[in-house]
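Here's the structure we're looking at; comments come further down.
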2 protein chains.
Amino acid sequence: MADTVLFEFLHTEMVAELWAHDPDPGSGVSAGPRGEEAGATKGQKMSLSVLEGMGFRVGQALGERLPRETLAFREELDVLKFLCKDLWVAVFQKQMDSLRTNHQGTYVLQDNSFPLLLPMASGLQYLEEAPKFLAFTCGLLHGALCTLGIESVVTASVAALPVCKFQVVIPKS
Amino acid sequence: MADTVLFEFLHTEMVAELWAHDPDPGSGVSAGPRGEEAGATKGQKMSLSVLEGMGFRVGQALGERLPRETLAFREELDVLKFLCKDLWVAVFQKQMDSLRTNHQGTYVLQDNSFPLLLPMASGLQYLEEAPKFLAFTCGLLHGALCTLGIESVVTASVAALPVCKFQVVIPKS
């Protein structure tokens with residue numbers, strides 16, 4: 001009964017705990033428009049990178065547990081499709097809603113009701129709170145891609161809760 | 001595929017992260033025999049209580065998600081049996097191995113292969129590392145009992161990895 005929500009509860013606690021221990025709450029930097037880290041303090045930025053690092057290592061570990069047959073991907077796009085289906089189902093019990101690419105190494109993965117944002121009200125009023133609920137998952141995608149042999153830069157953006165876009169950029173070698 | 005291990009990976013990262021941020025690593029206190037907190041620094045004790053607090057809140061939240069019919073427990077022992085079966089399966093995909101009681105409010109729940117200790121080698125050599133992998137689960141039991149209306153004190157002990165005993169003491173009112 002509870003295993004589907006266990007991860008979400010634990011993630012919520014983890015975010016709350018890391019935010020609560022912000023060692024430097026006073027040094028807000030309000031440069032730039034409302035964006036992922038605009039107005040974040042130094043301590044909050046550190047918390048974001050800590051969350052992202054945890055996600056990265058969990059993503060790596062999950063990547064190592066994938067069934068052998070799924071590792072025989074022919075193309076980059078197959079790997080991204082795999083993340084959108086299998087990985088997303090394993091972690092969030094749902095598939096990603098859409099995957100778009102410019103066929104030049106940039107992919108946009110869109111989840112129209114991202115589970116880690118669902119507890120927040122829909123709309124714009126809590127938009128500033130969103131980045132801390134996305135950092136772990138950015139790391140998770142980055143880590144899983146890394147285990148599958150693909151270097152990447154993963155960022156997330158939210159225009160209106162609970163819709164979330166993850167952008168994966170894979171540098172051409 | 002991965003949802004059964006996701007919680008365990010995340011728990012491992014959480015313990016590592018909280019331990020890494022030990023703000024006071026130098027003040028070891030080596031009083032007492034090898035026990036749960038013997039030799040633990042002030043920072044490590046704080047980490048233990050942070051982990052326990054996170055477990056408590058997750059346990060409370062899981063408790064609130066229980067099916068209605070399971071909440072109609074007649075006796076204290078029914079509640080403990082429920083934790084050993086349903087809660088344990090939900091979190092660890094296995095049942096507790098044994099439950100004993102003195103019929104005076106003290107219960108000993110024994111797991112012969114506690115999943116969060118399994119990654120460590122069996123035997124005695126890493127026994128000192130065990131407490132940090134037990135704090136969250138102590139809190140989890142405490143929190144679930146709290147939601148079910150039962151005040152308790154929950155502690156854990158390990159005599160040989162990966163066997164773990166959780167002691168639940170319920171004060172008589």
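The way I read the labels, and the way they are meant: chains A, B, ... in the order of the structure tokens, residue 1 as the first residue of every chain, and ligand 1 as the first ligand shown, with later ones counted on from there.
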
| message | Near chain A, meaning an atom within 10 Å, which residues of chain B appear when counting only C-alpha atoms? Write them as an MDAnalysis selection string. | response | chainID B and resid 1:14 16:18 50:51 53:55 57:59 61:63 65:67 86:93

Select from stretch 120-173 of chain B everything DSSP, run on the backbone, classes as alpha helix (DSSP H), then give the selection as a PDB file with all heavy atoms, in the first residue's frame.
```
ATOM      1  N   ALA B 135      18.493   4.598  12.879  1.00  0.00           N
ATOM      2  CA  ALA B 135      17.776   5.731  13.472  1.00  0.00           C
ATOM      3  C   ALA B 135      16.496   6.057  12.706  1.00  0.00           C
ATOM      4  O   ALA B 135      15.431   6.269  13.307  1.00  0.00           O
ATOM      5  CB  ALA B 135      18.690   6.955  13.526  1.00  0.00           C
ATOM      6  N   PHE B 136      16.597   6.094  11.379  1.00  0.00           N
ATOM      7  CA  PHE B 136      15.415   6.427  10.583  1.00  0.00           C
ATOM      8  C   PHE B 136      14.277   5.445  10.846  1.00  0.00           C
ATOM      9  O   PHE B 136      13.117   5.851  11.017  1.00  0.00           O
ATOM     10  CB  PHE B 136      15.781   6.420   9.086  1.00  0.00           C
ATOM     11  CG  PHE B 136      14.640   6.749   8.166  1.00  0.00           C
ATOM     12  CD1 PHE B 136      14.344   8.056   7.842  1.00  0.00           C
ATOM     13  CD2 PHE B 136      13.854   5.732   7.636  1.00  0.00           C
ATOM     14  CE1 PHE B 136      13.289   8.362   6.989  1.00  0.00           C
ATOM     15  CE2 PHE B 136      12.795   6.029   6.785  1.00  0.00           C
ATOM     16  CZ  PHE B 136      12.515   7.343   6.473  1.00  0.00           C
ATOM     17  N   THR B 137      14.615   4.159  10.911  1.00  0.00           N
ATOM     18  CA  THR B 137      13.583   3.132  11.078  1.00  0.00           C
ATOM     19  C   THR B 137      12.970   3.157  12.483  1.00  0.00           C
ATOM     20  O   THR B 137      11.776   2.906  12.642  1.00  0.00           O
ATOM     21  CB  THR B 137      14.146   1.739  10.738  1.00  0.00           C
ATOM     22  OG1 THR B 137      14.783   1.818   9.456  1.00  0.00           O
ATOM     23  CG2 THR B 137      13.056   0.697  10.681  1.00  0.00           C
ATOM     24  N   CYS B 138      13.780   3.478  13.488  1.00  0.00           N
ATOM     25  CA  CYS B 138      13.218   3.664  14.836  1.00  0.00           C
ATOM     26  C   CYS B 138      12.158   4.766  14.792  1.00  0.00           C
ATOM     27  O   CYS B 138      11.062   4.626  15.344  1.00  0.00           O
ATOM     28  CB  CYS B 138      14.306   4.050  15.833  1.00  0.00           C
ATOM     29  SG  CYS B 138      15.364   2.684  16.316  1.00  0.00           S
ATOM     30  N   GLY B 139      12.516   5.862  14.127  1.00  0.00           N
ATOM     31  CA  GLY B 139      11.568   6.970  13.995  1.00  0.00           C
ATOM     32  C   GLY B 139      10.323   6.561  13.226  1.00  0.00           C
ATOM     33  O   GLY B 139       9.206   6.968  13.564  1.00  0.00           O
ATOM     34  N   LEU B 140      10.515   5.741  12.204  1.00  0.00           N
ATOM     35  CA  LEU B 140       9.399   5.273  11.370  1.00  0.00           C
ATOM     36  C   LEU B 140       8.375   4.502  12.218  1.00  0.00           C
ATOM     37  O   LEU B 140       7.161   4.749  12.138  1.00  0.00           O
ATOM     38  CB  LEU B 140       9.949   4.375  10.264  1.00  0.00           C
ATOM     39  CG  LEU B 140       9.015   4.007   9.119  1.00  0.00           C
ATOM     40  CD1 LEU B 140       8.960   5.132   8.105  1.00  0.00           C
ATOM     41  CD2 LEU B 140       9.494   2.737   8.418  1.00  0.00           C
ATOM     42  N   LEU B 141       8.864   3.582  13.040  1.00  0.00           N
ATOM     43  CA  LEU B 141       7.972   2.803  13.917  1.00  0.00           C
ATOM     44  C   LEU B 141       7.280   3.725  14.920  1.00  0.00           C
ATOM     45  O   LEU B 141       6.074   3.642  15.145  1.00  0.00           O
ATOM     46  CB  LEU B 141       8.776   1.720  14.656  1.00  0.00           C
ATOM     47  CG  LEU B 141       9.256   0.544  13.799  1.00  0.00           C
ATOM     48  CD1 LEU B 141      10.292  -0.292  14.558  1.00  0.00           C
ATOM     49  CD2 LEU B 141       8.072  -0.347  13.395  1.00  0.00           C
ATOM     50  N   HIS B 142       8.066   4.620  15.521  1.00  0.00           N
ATOM     51  CA  HIS B 142       7.548   5.584  16.498  1.00  0.00           C
ATOM     52  C   HIS B 142       6.439   6.444  15.884  1.00  0.00           C
ATOM     53  O   HIS B 142       5.370   6.628  16.471  1.00  0.00           O
ATOM     54  CB  HIS B 142       8.720   6.444  16.980  1.00  0.00           C
ATOM     55  CG  HIS B 142       8.386   7.387  18.086  1.00  0.00           C
ATOM     56  ND1 HIS B 142       9.191   8.452  18.409  1.00  0.00           N
ATOM     57  CD2 HIS B 142       7.327   7.441  18.935  1.00  0.00           C
ATOM     58  CE1 HIS B 142       8.651   9.113  19.412  1.00  0.00           C
ATOM     59  NE2 HIS B 142       7.512   8.530  19.757  1.00  0.00           N
ATOM     60  N   GLY B 143       6.692   6.913  14.655  1.00  0.00           N
ATOM     61  CA  GLY B 143       5.728   7.777  13.976  1.00  0.00           C
ATOM     62  C   GLY B 143       4.449   7.046  13.603  1.00  0.00           C
ATOM     63  O   GLY B 143       3.339   7.581  13.758  1.00  0.00           O
ATOM     64  N   ALA B 144       4.592   5.809  13.110  1.00  0.00           N
ATOM     65  CA  ALA B 144       3.404   5.031  12.738  1.00  0.00           C
ATOM     66  C   ALA B 144       2.562   4.725  13.982  1.00  0.00           C
ATOM     67  O   ALA B 144       1.330   4.848  13.957  1.00  0.00           O
ATOM     68  CB  ALA B 144       3.818   3.733  12.049  1.00  0.00           C
ATOM     69  N   LEU B 145       3.242   4.358  15.088  1.00  0.00           N
ATOM     70  CA  LEU B 145       2.521   4.098  16.342  1.00  0.00           C
ATOM     71  C   LEU B 145       1.803   5.356  16.816  1.00  0.00           C
ATOM     72  O   LEU B 145       0.658   5.296  17.282  1.00  0.00           O
ATOM     73  CB  LEU B 145       3.498   3.610  17.420  1.00  0.00           C
ATOM     74  CG  LEU B 145       3.900   2.138  17.302  1.00  0.00           C
ATOM     75  CD1 LEU B 145       5.138   1.837  18.156  1.00  0.00           C
ATOM     76  CD2 LEU B 145       2.744   1.225  17.728  1.00  0.00           C
ATOM     77  N   CYS B 146       2.466   6.492  16.678  1.00  0.00           N
ATOM     78  CA  CYS B 146       1.878   7.767  17.103  1.00  0.00           C
ATOM     79  C   CYS B 146       0.586   8.048  16.348  1.00  0.00           C
ATOM     80  O   CYS B 146      -0.430   8.421  16.943  1.00  0.00           O
ATOM     81  CB  CYS B 146       2.906   8.870  16.885  1.00  0.00           C
ATOM     82  SG  CYS B 146       2.322  10.502  17.319  1.00  0.00           S
ATOM     83  N   THR B 147       0.614   7.846  15.024  1.00  0.00           N
ATOM     84  CA  THR B 147      -0.593   8.057  14.220  1.00  0.00           C
ATOM     85  C   THR B 147      -1.710   7.104  14.636  1.00  0.00           C
ATOM     86  O   THR B 147      -2.888   7.433  14.565  1.00  0.00           O
ATOM     87  CB  THR B 147      -0.273   7.860  12.720  1.00  0.00           C
ATOM     88  OG1 THR B 147       0.615   8.882  12.308  1.00  0.00           O
ATOM     89  CG2 THR B 147      -1.534   7.922  11.868  1.00  0.00           C
TER      90      THR B 147
END
```

Near stretch 154-167 of chain B, within 9 Å and counting only C-alpha atoms, which residues show up once chain neighbours fewer than 5 positions away are dropped, as a ChimeraX atom specification?
-> /B:35-36,106-127,130-131,134-135,137-139,141-142

Same residues, C-alpha atoms, saved as a compact mmCIF listing (two decimals), in the first residue's frame:
```txt
# COMPACT_ATOMS: atom_id res chain seq x y z
CA GLY B 35 26.64 0.61 22.38
CA GLU B 36 24.33 2.65 20.25
CA THR B 106 7.49 -4.20 26.00
CA TYR B 107 7.77 -5.69 22.52
CA VAL B 108 10.83 -6.99 20.71
CA LEU B 109 10.59 -7.04 16.92
CA GLN B 110 13.39 -9.01 15.31
CA ASP B 111 14.46 -8.84 11.67
CA ASN B 112 17.05 -11.50 10.86
CA SER B 113 18.20 -9.81 7.67
CA PHE B 114 17.34 -6.13 8.04
CA PRO B 115 17.53 -4.70 4.50
CA LEU B 116 19.22 -1.44 5.48
CA LEU B 117 22.07 -3.41 7.10
CA LEU B 118 22.45 -5.98 4.32
CA PRO B 119 24.89 -3.92 2.20
CA MET B 120 27.34 -4.16 5.12
CA ALA B 121 29.35 -7.33 5.60
CA SER B 122 27.99 -9.86 8.05
CA GLY B 123 29.67 -10.34 11.40
CA LEU B 124 31.10 -7.96 13.95
CA GLN B 125 33.60 -5.79 12.13
CA TYR B 126 31.26 -2.97 11.11
CA LEU B 127 29.04 -3.09 14.18
CA ALA B 130 25.15 0.21 12.50
CA PRO B 131 23.37 2.88 14.60
CA LEU B 134 18.78 2.23 12.35
CA ALA B 135 17.78 5.73 13.47
CA THR B 137 13.58 3.13 11.08
CA CYS B 138 13.22 3.66 14.84
CA GLY B 139 11.57 6.97 14.00
CA LEU B 141 7.97 2.80 13.92
CA HIS B 142 7.55 5.58 16.50
```

I need the strand (DSSP E or B) residues of stretch 7-170 of chain B per DSSP on the backbone, written as a tab-separated table (two decimals) with all heavy atoms, in the first residue's frame.
```tsv
chain	number	residue	atom	x	y	z
B	98	SER	N	10.28	-12.02	13.76
B	98	SER	CA	9.61	-12.47	14.99
B	98	SER	C	9.17	-11.29	15.84
B	98	SER	O	9.72	-10.19	15.74
B	98	SER	CB	10.52	-13.40	15.79
B	98	SER	OG	11.53	-12.67	16.42
B	99	LEU	N	8.17	-11.55	16.65
B	99	LEU	CA	7.63	-10.53	17.56
B	99	LEU	C	7.45	-11.20	18.91
B	99	LEU	O	6.78	-12.22	19.02
B	99	LEU	CB	6.27	-10.03	17.04
B	99	LEU	CG	5.43	-9.19	18.00
B	99	LEU	CD1	6.15	-7.89	18.39
B	99	LEU	CD2	4.07	-8.86	17.39
B	100	ARG	N	8.10	-10.63	19.94
B	100	ARG	CA	7.92	-11.17	21.28
B	100	ARG	C	7.49	-10.06	22.23
B	100	ARG	O	7.79	-8.89	21.98
B	100	ARG	CB	9.24	-11.79	21.78
B	100	ARG	CG	9.45	-13.21	21.24
B	100	ARG	CD	10.80	-13.73	21.63
B	100	ARG	NE	11.86	-12.95	20.98
B	100	ARG	CZ	13.16	-13.15	21.19
B	100	ARG	NH1	13.56	-14.08	22.06
B	100	ARG	NH2	14.04	-12.42	20.56
B	101	THR	N	6.80	-10.44	23.27
B	101	THR	CA	6.35	-9.43	24.25
B	101	THR	C	6.35	-10.02	25.65
B	101	THR	O	6.23	-11.24	25.82
B	101	THR	CB	4.94	-8.91	23.91
B	101	THR	OG1	4.52	-7.98	24.92
B	101	THR	CG2	3.92	-10.04	23.83
B	106	THR	N	6.21	-4.16	26.70
B	106	THR	CA	7.49	-4.20	26.00
B	106	THR	C	7.43	-5.24	24.88
B	106	THR	O	7.03	-6.39	25.11
B	106	THR	CB	8.64	-4.53	26.97
B	106	THR	OG1	8.72	-3.49	27.94
B	106	THR	CG2	9.97	-4.61	26.22
B	107	TYR	N	7.81	-4.82	23.70
B	107	TYR	CA	7.77	-5.69	22.52
B	107	TYR	C	9.15	-5.71	21.86
B	107	TYR	O	9.80	-4.66	21.77
B	107	TYR	CB	6.75	-5.17	21.50
B	107	TYR	CG	5.34	-5.13	22.05
B	107	TYR	CD1	4.91	-4.03	22.79
B	107	TYR	CD2	4.46	-6.19	21.85
B	107	TYR	CE1	3.63	-3.98	23.32
B	107	TYR	CE2	3.18	-6.15	22.37
B	107	TYR	CZ	2.77	-5.04	23.11
B	107	TYR	OH	1.50	-5.00	23.64
B	108	VAL	N	9.57	-6.89	21.44
B	108	VAL	CA	10.83	-6.99	20.71
B	108	VAL	C	10.54	-7.53	19.32
B	108	VAL	O	10.03	-8.64	19.15
B	108	VAL	CB	11.85	-7.89	21.43
B	108	VAL	CG1	13.12	-8.03	20.59
B	108	VAL	CG2	12.18	-7.30	22.79
B	109	LEU	N	10.83	-6.69	18.31
B	109	LEU	CA	10.59	-7.04	16.92
B	109	LEU	C	11.94	-7.39	16.30
B	109	LEU	O	12.85	-6.55	16.29
B	109	LEU	CB	9.98	-5.85	16.16
B	109	LEU	CG	8.59	-5.34	16.56
B	109	LEU	CD1	8.58	-4.73	17.95
B	109	LEU	CD2	8.08	-4.31	15.56
B	110	GLN	N	12.09	-8.60	15.83
B	110	GLN	CA	13.39	-9.01	15.31
B	110	GLN	C	13.35	-9.25	13.80
B	110	GLN	O	12.50	-9.98	13.30
B	110	GLN	CB	13.87	-10.28	16.03
B	110	GLN	CG	15.24	-10.75	15.54
B	110	GLN	CD	15.85	-11.80	16.44
B	110	GLN	OE1	15.62	-11.82	17.65
B	110	GLN	NE2	16.65	-12.68	15.86
B	111	ASP	N	14.30	-8.61	13.10
B	111	ASP	CA	14.46	-8.84	11.67
B	111	ASP	C	15.82	-9.51	11.47
B	111	ASP	O	16.86	-8.92	11.77
B	111	ASP	CB	14.40	-7.50	10.91
B	111	ASP	CG	14.30	-7.70	9.41
B	111	ASP	OD1	14.88	-8.68	8.90
B	111	ASP	OD2	13.65	-6.88	8.74
B	123	GLY	N	28.68	-10.14	10.35
B	123	GLY	CA	29.67	-10.34	11.40
B	123	GLY	C	29.78	-9.14	12.31
B	123	GLY	O	28.84	-8.38	12.48
B	153	VAL	N	8.37	4.37	23.09
B	153	VAL	CA	9.80	4.64	22.98
B	153	VAL	C	10.38	3.49	22.17
B	153	VAL	O	10.19	2.32	22.52
B	153	VAL	CB	10.48	4.70	24.38
B	153	VAL	CG1	11.98	4.89	24.23
B	153	VAL	CG2	9.86	5.81	25.21
B	154	VAL	N	11.05	3.82	21.06
B	154	VAL	CA	11.57	2.78	20.17
B	154	VAL	C	13.09	2.86	20.11
B	154	VAL	O	13.64	3.93	19.84
B	154	VAL	CB	10.99	2.92	18.74
B	154	VAL	CG1	11.50	1.80	17.85
B	154	VAL	CG2	9.46	2.93	18.77
B	155	THR	N	13.75	1.78	20.40
B	155	THR	CA	15.21	1.71	20.26
B	155	THR	C	15.58	0.49	19.43
B	155	THR	O	14.75	-0.41	19.24
B	155	THR	CB	15.91	1.62	21.62
B	155	THR	OG1	15.32	0.52	22.35
B	155	THR	CG2	15.73	2.89	22.43
B	156	ALA	N	16.81	0.48	18.94
B	156	ALA	CA	17.25	-0.65	18.13
B	156	ALA	C	18.60	-1.14	18.62
B	156	ALA	O	19.39	-0.36	19.16
B	156	ALA	CB	17.34	-0.25	16.67
B	157	SER	N	18.84	-2.42	18.46
B	157	SER	CA	20.16	-2.93	18.80
B	157	SER	C	20.56	-4.02	17.82
B	157	SER	O	19.72	-4.72	17.27
B	157	SER	CB	20.17	-3.47	20.23
B	157	SER	OG	19.28	-4.56	20.34
B	161	LEU	N	25.57	-8.41	12.66
B	161	LEU	CA	24.96	-8.03	11.37
B	161	LEU	C	24.58	-9.27	10.58
B	161	LEU	O	25.31	-10.26	10.62
B	161	LEU	CB	25.96	-7.19	10.57
B	161	LEU	CG	26.34	-5.84	11.17
B	161	LEU	CD1	27.57	-5.29	10.50
B	161	LEU	CD2	25.19	-4.87	11.05
B	164	CYS	N	18.76	-7.59	13.44
B	164	CYS	CA	18.45	-6.35	14.15
B	164	CYS	C	17.21	-6.52	15.01
B	164	CYS	O	16.22	-7.13	14.59
B	164	CYS	CB	18.22	-5.24	13.12
B	164	CYS	SG	17.90	-3.66	13.87
B	165	LYS	N	17.28	-6.00	16.25
B	165	LYS	CA	16.12	-6.05	17.14
B	165	LYS	C	15.64	-4.64	17.43
B	165	LYS	O	16.43	-3.77	17.80
B	165	LYS	CB	16.51	-6.70	18.47
B	165	LYS	CG	16.71	-8.19	18.40
B	165	LYS	CD	17.02	-8.75	19.77
B	165	LYS	CE	17.39	-10.22	19.67
B	165	LYS	NZ	17.75	-10.81	20.97
B	166	PHE	N	14.35	-4.42	17.24
B	166	PHE	CA	13.73	-3.15	17.60
B	166	PHE	C	12.92	-3.36	18.87
B	166	PHE	O	12.07	-4.25	18.92
B	166	PHE	CB	12.81	-2.66	16.48
B	166	PHE	CG	13.55	-2.33	15.21
B	166	PHE	CD1	13.71	-3.30	14.23
B	166	PHE	CD2	14.10	-1.07	15.02
B	166	PHE	CE1	14.41	-3.01	13.07
B	166	PHE	CE2	14.81	-0.78	13.85
B	166	PHE	CZ	14.96	-1.75	12.88
B	167	GLN	N	13.21	-2.57	19.89
B	167	GLN	CA	12.45	-2.69	21.13
B	167	GLN	C	11.45	-1.52	21.22
B	167	GLN	O	11.84	-0.35	21.13
B	167	GLN	CB	13.37	-2.66	22.35
B	167	GLN	CG	12.61	-2.99	23.62
B	167	GLN	CD	13.48	-2.95	24.85
B	167	GLN	OE1	14.16	-1.94	25.11
B	167	GLN	NE2	13.47	-4.01	25.62
B	168	VAL	N	10.19	-1.89	21.39
B	168	VAL	CA	9.13	-0.89	21.53
B	168	VAL	C	8.60	-0.97	22.96
B	168	VAL	O	8.13	-2.03	23.39
B	168	VAL	CB	7.97	-1.17	20.54
B	168	VAL	CG1	6.85	-0.16	20.74
B	168	VAL	CG2	8.47	-1.11	19.09
B	169	VAL	N	8.72	0.13	23.68
B	169	VAL	CA	8.19	0.18	25.04
B	169	VAL	C	7.01	1.14	25.07
B	169	VAL	O	7.15	2.30	24.68
B	169	VAL	CB	9.27	0.61	26.06
B	169	VAL	CG1	8.67	0.70	27.46
B	169	VAL	CG2	10.43	-0.35	26.04
```

As a check of understanding: the span from atom CA of B:Leu77 to atom CA of B:Ile170 is 11.0 Å
